[in-house]
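Everything below belongs to final39.cif, which stores mmCIF, C-alpha atoms.
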```cif
data_target
loop_
_atom_site.label_atom_id
_atom_site.label_comp_id
_atom_site.auth_asym_id
_atom_site.auth_seq_id
_atom_site.Cartn_x
_atom_site.Cartn_y
_atom_site.Cartn_z
CA MET O 1 -30.76 48.40 -67.15
CA ILE O 2 -29.38 45.21 -65.60
CA HIS O 3 -25.92 44.19 -66.73
CA THR O 4 -24.71 40.61 -66.58
CA ASN O 5 -21.32 39.41 -65.49
CA ALA O 6 -18.57 39.26 -68.06
CA PRO O 7 -17.64 35.96 -69.75
CA SER O 8 -15.90 33.46 -67.50
CA ARG O 9 -12.79 31.37 -68.04
CA ALA O 10 -14.54 29.43 -70.76
CA SER O 11 -14.19 32.46 -73.02
CA GLY O 12 -10.39 32.09 -73.02
CA ILE O 13 -9.73 34.62 -70.26
CA SER O 14 -7.05 32.36 -68.78
CA ASN O 15 -4.88 33.03 -71.86
CA VAL O 16 -5.30 36.81 -71.94
CA LYS O 17 -2.50 38.59 -73.79
CA THR O 18 -1.06 41.93 -72.71
CA TYR O 19 -0.15 44.21 -75.61
CA GLY O 20 2.54 46.86 -75.71
CA MET O 21 1.90 50.16 -77.46
CA LEU O 22 3.92 49.41 -80.57
CA GLU O 23 2.17 46.07 -81.06
CA ARG O 24 -1.09 47.93 -81.74
CA ALA O 25 0.00 51.43 -82.76
CA ASP O 26 2.34 53.21 -85.17
CA HIS O 27 3.77 55.55 -82.53
CA PRO O 28 5.00 54.90 -78.98
CA ASP O 29 3.11 57.81 -77.38
CA PHE O 30 -0.24 58.32 -79.14
CA ASP O 31 -2.11 56.81 -82.05
CA ILE O 32 -5.60 56.90 -83.54
CA ARG O 33 -7.04 54.54 -86.12
CA LEU O 34 -10.31 53.55 -87.73
CA LYS O 35 -11.60 50.04 -88.35
CA GLY O 36 -9.50 48.09 -90.84
CA VAL O 37 -6.10 49.58 -90.10
CA ARG O 38 -5.30 46.58 -87.88
CA THR O 39 -6.96 43.23 -87.40
CA ALA O 40 -9.58 43.55 -84.68
CA LEU O 41 -8.94 41.73 -81.40
CA VAL O 42 -11.89 39.40 -80.84
CA THR O 43 -10.81 37.74 -77.57
CA PRO O 44 -10.36 39.23 -74.09
CA HIS O 45 -7.07 41.10 -73.79
CA ARG O 46 -5.33 43.90 -71.92
CA HIS O 47 -2.68 46.45 -72.77
CA GLU O 48 -0.09 48.58 -71.05
CA TYR O 49 -1.57 51.88 -72.23
CA PHE O 50 -4.84 53.82 -72.07
CA GLN O 51 -7.48 53.32 -74.72
CA ILE O 52 -10.67 55.05 -75.82
CA GLN O 53 -12.93 53.16 -78.21
CA VAL O 54 -15.54 55.13 -80.14
CA GLY O 55 -18.59 53.36 -81.55
CA LEU O 56 -19.56 54.65 -85.01
CA ASP O 57 -21.87 51.98 -86.46
CA GLY O 58 -23.13 48.54 -85.35
CA GLN O 59 -24.60 47.45 -82.03
CA SER O 60 -22.55 45.28 -79.66
CA ASN O 61 -21.57 44.83 -76.02
CA GLN O 62 -18.26 45.36 -74.30
CA ALA O 63 -16.78 43.10 -71.65
CA ILE O 64 -14.80 45.34 -69.32
CA GLY O 65 -13.21 44.07 -66.12
CA GLY O 66 -15.95 42.02 -64.49
CA ALA O 67 -18.95 43.56 -66.27
CA VAL O 68 -20.71 43.55 -69.62
CA ARG O 69 -22.06 46.88 -70.84
CA PRO O 70 -23.66 48.02 -74.11
CA PHE O 71 -21.50 49.47 -76.85
CA GLY O 72 -22.72 50.88 -80.14
CA PRO O 73 -23.10 54.08 -82.14
CA ARG O 74 -22.42 57.21 -80.05
CA TYR O 75 -20.84 55.17 -77.23
CA LEU O 76 -17.34 55.68 -75.88
CA SER O 77 -15.41 53.11 -73.89
CA PHE O 78 -12.63 54.25 -71.53
CA VAL O 79 -10.11 51.49 -70.77
CA LEU O 80 -7.44 51.65 -68.06
CA PRO O 81 -4.05 50.01 -68.58
CA TYR O 82 -4.10 46.28 -67.68
CA ARG O 83 -7.91 46.10 -67.49
CA VAL O 84 -9.20 43.02 -69.31
CA HIS O 85 -11.70 44.01 -71.99
CA MET O 86 -13.16 43.02 -75.32
CA VAL O 87 -15.59 44.49 -77.84
CA PRO O 88 -16.70 41.77 -80.29
CA HIS O 89 -17.41 44.14 -83.18
CA PRO O 90 -20.06 42.51 -85.40
CA VAL O 91 -19.83 42.36 -89.18
CA GLY O 92 -20.69 45.75 -90.63
CA SER O 93 -19.77 47.71 -87.51
CA ASN O 94 -17.45 50.68 -87.55
CA TYR O 95 -15.37 52.16 -84.79
CA CYS O 96 -12.37 54.30 -83.91
CA ILE O 97 -9.62 53.38 -81.44
CA ILE O 98 -7.46 55.92 -79.62
CA ASN O 99 -4.37 54.66 -77.78
CA PHE O 100 -2.06 56.74 -75.64
CA GLN O 101 0.53 56.39 -72.91
CA GLN O 102 -0.03 57.75 -69.42
CA LYS O 103 2.94 60.11 -69.75
CA PHE O 104 1.51 61.53 -72.98
CA LEU O 105 -1.53 63.04 -71.28
CA TRP O 106 -0.56 63.13 -67.60
CA PRO O 107 3.24 63.62 -67.40
CA ALA O 108 3.04 64.75 -63.77
CA LEU O 109 0.97 61.76 -62.60
CA GLU O 110 3.59 59.65 -60.84
CA VAL O 111 1.44 56.55 -60.32
CA ASP O 112 2.31 53.04 -61.45
CA PRO O 113 -0.24 51.93 -64.08
CA LEU O 114 -1.03 48.92 -61.88
CA ASP O 115 -2.05 51.28 -59.07
CA LEU O 116 -4.24 53.72 -60.98
CA ASP O 117 -7.36 52.39 -59.23
CA ASP O 118 -5.97 53.88 -56.01
CA THR O 119 -5.84 57.40 -57.43
CA PRO O 120 -8.40 59.70 -55.74
CA MET O 121 -10.66 61.37 -58.27
CA ALA O 122 -9.87 64.76 -56.72
CA ARG O 123 -6.20 64.30 -57.59
CA CYS O 124 -6.83 63.60 -61.27
CA PRO O 125 -10.50 64.20 -62.16
CA ASP O 126 -10.04 63.29 -65.81
CA LEU O 127 -9.21 59.71 -64.82
CA ALA O 128 -12.82 59.28 -63.69
CA PRO O 129 -14.28 57.79 -66.92
CA PHE O 130 -11.47 55.22 -66.98
CA LEU O 131 -11.88 54.34 -63.29
CA PHE O 132 -15.63 53.78 -63.52
CA GLN O 133 -16.24 52.46 -67.04
CA GLU O 134 -17.47 49.19 -65.53
CA TYR O 135 -20.38 51.03 -63.88
CA ILE O 136 -21.41 53.75 -66.33
CA ASP O 137 -22.57 53.78 -69.97
CA PHE O 138 -20.90 56.64 -71.85
CA GLU O 139 -23.54 57.24 -74.51
CA PHE O 140 -23.76 60.70 -76.09
CA ASN O 141 -26.58 62.53 -77.84
CA GLU O 142 -26.39 63.47 -81.51
CA ALA O 143 -25.07 66.98 -80.91
CA ASP O 144 -22.33 65.88 -78.51
CA PHE O 145 -21.31 63.01 -80.73
CA ALA O 146 -21.04 65.31 -83.74
CA ARG O 147 -18.46 67.28 -81.76
CA ILE O 148 -16.62 64.06 -80.91
CA ARG O 149 -16.58 63.04 -84.57
CA SER O 150 -15.09 66.39 -85.56
CA TRP O 151 -12.45 66.05 -82.84
CA ILE O 152 -11.59 62.56 -84.11
CA ASP O 153 -11.10 63.93 -87.64
CA GLU O 154 -8.88 66.70 -86.32
CA MET O 155 -6.77 64.28 -84.26
CA GLN O 156 -6.26 62.05 -87.29
CA ILE O 157 -4.94 64.99 -89.31
CA LEU O 158 -2.63 66.12 -86.50
CA ASN O 159 -1.37 62.58 -85.93
CA GLN O 160 -0.51 62.17 -89.60
CA ASP O 161 1.22 65.54 -89.69
CA ARG O 162 3.06 65.48 -86.34
CA SER O 163 4.62 68.86 -87.08
CA PHE O 164 5.54 71.36 -84.38
CA GLY O 165 2.61 71.75 -81.99
CA ALA O 166 0.63 68.80 -83.39
CA LEU O 167 0.98 66.66 -80.26
CA THR O 168 0.02 69.62 -78.09
CA GLY O 169 -3.12 69.99 -80.18
CA ILE O 170 -3.89 66.27 -79.78
CA ARG O 171 -3.53 66.52 -76.01
CA GLY O 172 -5.97 69.40 -75.97
CA ILE O 173 -8.54 67.45 -77.99
CA LEU O 174 -8.14 64.39 -75.78
CA GLN O 175 -8.82 66.58 -72.75
CA GLN O 176 -11.95 67.93 -74.44
CA ILE O 177 -13.28 64.42 -75.11
CA ILE O 178 -12.61 63.26 -71.56
CA GLY O 179 -13.92 66.56 -70.18
CA LEU O 180 -17.18 66.18 -72.13
CA ALA O 181 -17.63 62.67 -70.69
CA CYS O 182 -17.04 64.03 -67.17
CA VAL O 183 -19.53 66.88 -67.66
CA ARG O 184 -22.27 64.70 -69.14
CA LYS O 185 -21.84 61.93 -66.54
CA GLN O 186 -20.96 64.17 -63.60
CA ALA O 187 -23.61 62.88 -61.20
CA GLU O 188 -22.86 59.22 -61.90
CA LEU O 189 -19.10 59.70 -61.66
CA LEU O 190 -19.36 61.56 -58.36
CA HIS O 191 -21.68 58.88 -57.02
CA CYS O 192 -19.20 56.17 -57.99
CA SER O 193 -16.37 58.10 -56.39
CA VAL O 194 -18.24 58.40 -53.08
CA GLN O 195 -19.63 54.88 -53.23
CA HIS O 196 -16.42 53.10 -54.09
CA GLY O 197 -13.62 55.36 -52.96
CA GLY O 198 -11.65 54.95 -56.18
CA LYS O 199 -10.79 51.30 -55.52
CA THR O 200 -13.90 49.61 -56.86
CA SER O 201 -12.24 47.49 -59.50
CA GLN O 202 -9.59 46.17 -57.14
CA ARG O 203 -12.08 45.33 -54.40
CA ASP O 204 -14.38 43.61 -56.86
CA ALA O 205 -11.47 41.66 -58.30
CA LEU O 206 -10.36 40.47 -54.86
CA GLN O 207 -13.93 39.45 -54.05
CA ARG O 208 -14.05 37.39 -57.23
CA VAL O 209 -10.77 35.71 -56.29
CA VAL O 210 -12.02 34.88 -52.78
CA ARG O 211 -15.31 33.58 -54.16
CA TYR O 212 -13.48 31.39 -56.67
CA VAL O 213 -11.23 29.98 -53.94
CA LYS O 214 -14.18 29.26 -51.63
CA ASP O 215 -16.07 27.52 -54.44
CA ASN O 216 -13.12 25.28 -55.29
CA LEU O 217 -11.58 24.36 -51.95
CA ASP O 218 -11.91 20.65 -52.67
CA LYS O 219 -9.87 20.94 -55.87
CA GLU O 220 -6.41 21.96 -56.97
CA ILE O 221 -6.39 25.77 -57.07
CA SER O 222 -3.77 27.51 -59.17
CA LEU O 223 -2.86 31.17 -59.19
CA THR O 224 -3.44 31.26 -62.95
CA GLU O 225 -6.98 29.87 -62.71
CA ALA O 226 -7.95 32.16 -59.83
CA ALA O 227 -6.58 35.18 -61.67
CA ALA O 228 -8.56 34.18 -64.76
CA ALA O 229 -11.76 33.95 -62.70
CA ALA O 230 -11.16 37.54 -61.57
CA PHE O 231 -10.19 38.84 -65.04
CA LEU O 232 -6.62 39.54 -63.89
CA SER O 233 -3.18 38.41 -64.92
CA PRO O 234 -1.35 36.15 -62.41
CA ASN O 235 1.33 38.81 -61.91
CA TYR O 236 -1.23 41.51 -61.20
CA LEU O 237 -3.14 39.28 -58.76
CA THR O 238 0.10 38.62 -56.89
CA HIS O 239 0.79 42.36 -56.82
CA LEU O 240 -2.75 43.19 -55.70
CA LEU O 241 -2.85 40.61 -52.89
CA LYS O 242 0.49 41.75 -51.54
CA LYS O 243 -0.50 45.42 -51.66
CA GLU O 244 -4.00 45.04 -50.22
CA THR O 245 -3.50 42.20 -47.71
CA GLY O 246 0.23 41.71 -47.29
CA ARG O 247 -0.38 38.03 -48.07
CA THR O 248 0.46 35.66 -50.89
CA PHE O 249 -2.01 33.66 -52.94
CA THR O 250 -0.85 30.49 -51.19
CA ASP O 251 -1.57 32.16 -47.83
CA LEU O 252 -5.08 33.03 -49.01
CA VAL O 253 -5.87 29.49 -50.15
CA THR O 254 -4.41 27.92 -47.02
CA ASP O 255 -6.34 30.26 -44.72
CA ARG O 256 -9.63 29.51 -46.52
CA ARG O 257 -8.98 25.77 -46.37
CA MET O 258 -8.21 25.89 -42.69
CA GLU O 259 -11.32 27.92 -41.91
CA ARG O 260 -13.42 25.45 -43.91
CA ALA O 261 -11.81 22.58 -42.01
CA LYS O 262 -12.72 24.18 -38.69
CA GLU O 263 -16.29 24.62 -39.88
CA LEU O 264 -16.59 20.96 -40.93
CA LEU O 265 -14.97 19.70 -37.74
CA SER O 266 -17.33 21.81 -35.63
CA THR O 267 -20.60 21.09 -37.43
CA SER O 268 -20.33 17.55 -38.79
CA ASN O 269 -19.35 14.03 -37.76
CA ILE O 270 -17.44 13.16 -40.93
CA ARG O 271 -14.03 11.62 -40.47
CA VAL O 272 -10.92 13.76 -40.40
CA ARG O 273 -9.79 12.10 -43.64
CA GLU O 274 -12.98 13.26 -45.38
CA VAL O 275 -12.56 16.76 -43.94
CA ALA O 276 -9.07 16.82 -45.43
CA TYR O 277 -10.38 15.77 -48.85
CA GLN O 278 -13.18 18.35 -48.84
CA CYS O 279 -10.63 21.03 -48.04
CA GLY O 280 -8.31 20.10 -50.89
CA PHE O 281 -5.80 17.87 -49.05
CA ASN O 282 -5.18 14.43 -50.57
CA ASP O 283 -2.85 13.46 -47.73
CA GLU O 284 -4.44 13.26 -44.26
CA ALA O 285 -1.07 13.35 -42.50
CA TYR O 286 -0.11 16.55 -44.34
CA PHE O 287 -3.48 18.07 -43.49
CA ASN O 288 -2.90 17.25 -39.81
CA ARG O 289 0.50 18.93 -39.88
CA ARG O 290 -0.80 22.08 -41.55
CA PHE O 291 -3.76 22.28 -39.19
CA ARG O 292 -1.50 21.97 -36.15
CA GLN O 293 0.85 24.63 -37.54
CA GLN O 294 -2.11 26.97 -37.95
CA PHE O 295 -4.02 26.31 -34.71
CA GLN O 296 -1.49 24.62 -32.40
CA GLN O 297 -3.62 21.48 -32.08
CA THR O 298 -4.61 18.54 -34.26
CA PRO O 299 -7.99 18.37 -36.02
CA LYS O 300 -9.07 15.63 -33.61
CA GLN O 301 -8.14 17.76 -30.58
CA PHE O 302 -9.96 20.75 -32.06
CA ARG O 303 -13.15 18.70 -32.54
CA GLU O 304 -12.93 17.30 -29.02
CA ASP O 305 -12.59 20.83 -27.60
CA VAL O 306 -15.65 22.00 -29.53
CA ILE O 307 -17.70 19.02 -28.27
CA ALA O 308 -16.58 19.70 -24.70
CA GLN O 309 -17.51 23.38 -24.93
CA VAL O 310 -20.96 22.54 -26.28
CA ALA O 311 -21.57 19.97 -23.54
CA ALA O 312 -20.42 22.30 -20.75
#
```

Entire entry expressed as structure tokens:
Amino acid sequence: MIHTNAPSRASGISNVKTYGMLERADHPDFDIRLKGVRTALVTPHRHEYFQIQVGLDGQSNQAIGGAVRPFGPRYLSFVLPYRVHMVPHPVGSNYCIINFQQKFLWPALEVDPLDLDDTPMARCPDLAPFLFQEYIDFEFNEADFARIRSWIDEMQILNQDRSFGALTGIRGILQQIIGLACVRKQAELLHCSVQHGGKTSQRDALQRVVRYVKDNLDKEISLTEAAAAAFLSPNYLTHLLKKETGRTFTDLVTDRRMERAKELLSTSNIRVREVAYQCGFNDEAYFNRRFRQQFQQTPKQFREDVIAQVAA
């Protein structure tokens, strides 16, 4: 099955809200609810906690990170903290949502939620469905889903009770659900782990940012718009660029503009002023200064050197 890209900025991704646990749950550590308990979120959003969505009735699609995948009866969706996602549940659909904090299920996992994509699968195998939801459809057969439904019922009872041992029981059931997903999708999860090294989402996001910058070099480029194009928050994009490249967003844009300027100066006869405009500089004098800072010569000198080298 071929999956399309997720909705772009036109879908409202640039105004994505990040939810805290108590904004969408009754407890700060774990909660489970069926359709109707809270108003469904029908626009792209992210949250600070883990989420599992369970499809009960009604066919739909889920936008997750940079992909769109099917979601319907007998499907589970595994959502990492801070991953942009949306399931536009149609009228008549039914679903269950499970929210939990990282410390609730993995108290010994000392990893910042923003860095979970870096976690090797061997270190925490039960993170695998969350790491690779963008690439795998977690659909279960009737027998497996009957087990999941019974586990959901049991978790609801334990969550309402919350007596001694109830949360321990919930943790055990959560592990069974995630474990079943790992067993049934073992080959695909292992393939994703080998193929992408546990950093797929981050690499894909950075590629989307770079592609957006390259496609808009002649325009004003803001951190907010570039983050939206990559389905990230501005703060997370800043964090990701610094961690992966040691550079700022401004550095990235400037570098791409300068490389584009060199390309135009080397392969065309257009005036330096037009080169500046095509690279996003409205002021030719400012463009000249930035070019000289970057390459220790003016654009005119650079072009003359290229012409001399070709003629030699």

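Closest approach to O:Gly179 among O:Ala205, O:Leu127, O:Val68, O:Val194 is made by O:Leu127 (distances from only C-alpha atoms).
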
Check your understanding: For the file shown, what are the residues hit by the PyMOL selection byres ((chain O and resi 56) around 8), laid out as a count of residues only?
Key -> 12

Review point. Can you list what the PyMOL selection byres ((chain O and resi 275-279) around 10) grabs from this structure, as a ChimeraX atom specification?
Key: /O:214,216-220,253-254,256-265,268-274,280-288,291,299

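Minimum atom-to-atom distance to O:Gly169, evaluated using only C-alpha atoms, belongs to O:Leu105 out of O:Gln186, O:Phe78, O:Ser193, O:Leu105.
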
Practice item. Given the file shown, determine the residues that the PyMOL selection byres ((chain O and resi 22) around 12) selects; report them as an MDAnalysis selection string. Key: chainID O and resid 18:21 23:31 47:49 99:101

Point to revise | Long-range neighbours of O:Leu158 as a PyMOL selection string, 12 Å cut-off, all atoms listed in the file, 3 positions minimum in chain | key: chain O and resi 30-32+151-155+161-173

Restricted to C-alpha atoms, what would the selected residues look like written as a PDB file, in the coordinates of the input?
```
ATOM      1  CA  PHE O  30      -0.240  58.320 -79.140  1.00  0.00           C
ATOM      2  CA  ASP O  31      -2.110  56.810 -82.050  1.00  0.00           C
ATOM      3  CA  ILE O  32      -5.600  56.900 -83.540  1.00  0.00           C
ATOM      4  CA  TRP O 151     -12.450  66.050 -82.840  1.00  0.00           C
ATOM      5  CA  ILE O 152     -11.590  62.560 -84.110  1.00  0.00           C
ATOM      6  CA  ASP O 153     -11.100  63.930 -87.640  1.00  0.00           C
ATOM      7  CA  GLU O 154      -8.880  66.700 -86.320  1.00  0.00           C
ATOM      8  CA  MET O 155      -6.770  64.280 -84.260  1.00  0.00           C
ATOM      9  CA  ASP O 161       1.220  65.540 -89.690  1.00  0.00           C
ATOM     10  CA  ARG O 162       3.060  65.480 -86.340  1.00  0.00           C
ATOM     11  CA  SER O 163       4.620  68.860 -87.080  1.00  0.00           C
ATOM     12  CA  PHE O 164       5.540  71.360 -84.380  1.00  0.00           C
ATOM     13  CA  GLY O 165       2.610  71.750 -81.990  1.00  0.00           C
ATOM     14  CA  ALA O 166       0.630  68.800 -83.390  1.00  0.00           C
ATOM     15  CA  LEU O 167       0.980  66.660 -80.260  1.00  0.00           C
ATOM     16  CA  THR O 168       0.020  69.620 -78.090  1.00  0.00           C
ATOM     17  CA  GLY O 169      -3.120  69.990 -80.180  1.00  0.00           C
ATOM     18  CA  ILE O 170      -3.890  66.270 -79.780  1.00  0.00           C
ATOM     19  CA  ARG O 171      -3.530  66.520 -76.010  1.00  0.00           C
ATOM     20  CA  GLY O 172      -5.970  69.400 -75.970  1.00  0.00           C
ATOM     21  CA  ILE O 173      -8.540  67.450 -77.990  1.00  0.00           C
TER      22      ILE O 173
END
```

Practice item. Do a neighbour search on O:His45 at 7 Å with only C-alpha atoms, toss out local chain neighbours closer than 6 positions, and write the hits as a VMD selection string. Key: chain O and resid 16 to 18 84 to 86

Practice item. Extract, using only C-alpha atoms, all DNA, RNA and protein residues at most 12 Å from O:Leu109, discarding same-chain residues fewer than 2 positions from it, and format them as a VMD selection string. Key: chain O and resid 101 to 107 111 to 113 115 to 116 119 to 120 123 to 127

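Nearest residue to O:Gln202 among O:Gln293, O:Gln51, O:Gln176, O:Thr245 is O:Thr245, counting only C-alpha atoms.
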
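Coordinates place atom CA of O:Val79 at a distance of 5.9 Å from atom CA of O:Phe50.
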
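Residue nearest O:Thr267 within the list O:Gln301, O:Leu237, O:Ile307, O:Met121: O:Ile307 [criterion: smallest interatomic distance, all atoms listed in the file].
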
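Here atom CA of O:Val213 stands at a distance of 11.6 Å from atom CA of O:Asp251.
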
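The residue that comes closest to O:Gln133, out of O:His191, O:Arg46, O:Arg147, O:Arg69 and on the basis of only C-alpha atoms, is O:Arg69.
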
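Atom to atom, atom CA of O:Glu188 and atom CA of O:Asp118 stand 18.7 Å apart.
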
Point to revise | O:Phe71 surroundings by all atoms listed in the file, 6 Å radius, close-in-sequence under 2 positions cut, as a ChimeraX atom specification | key: /O:60-62,75
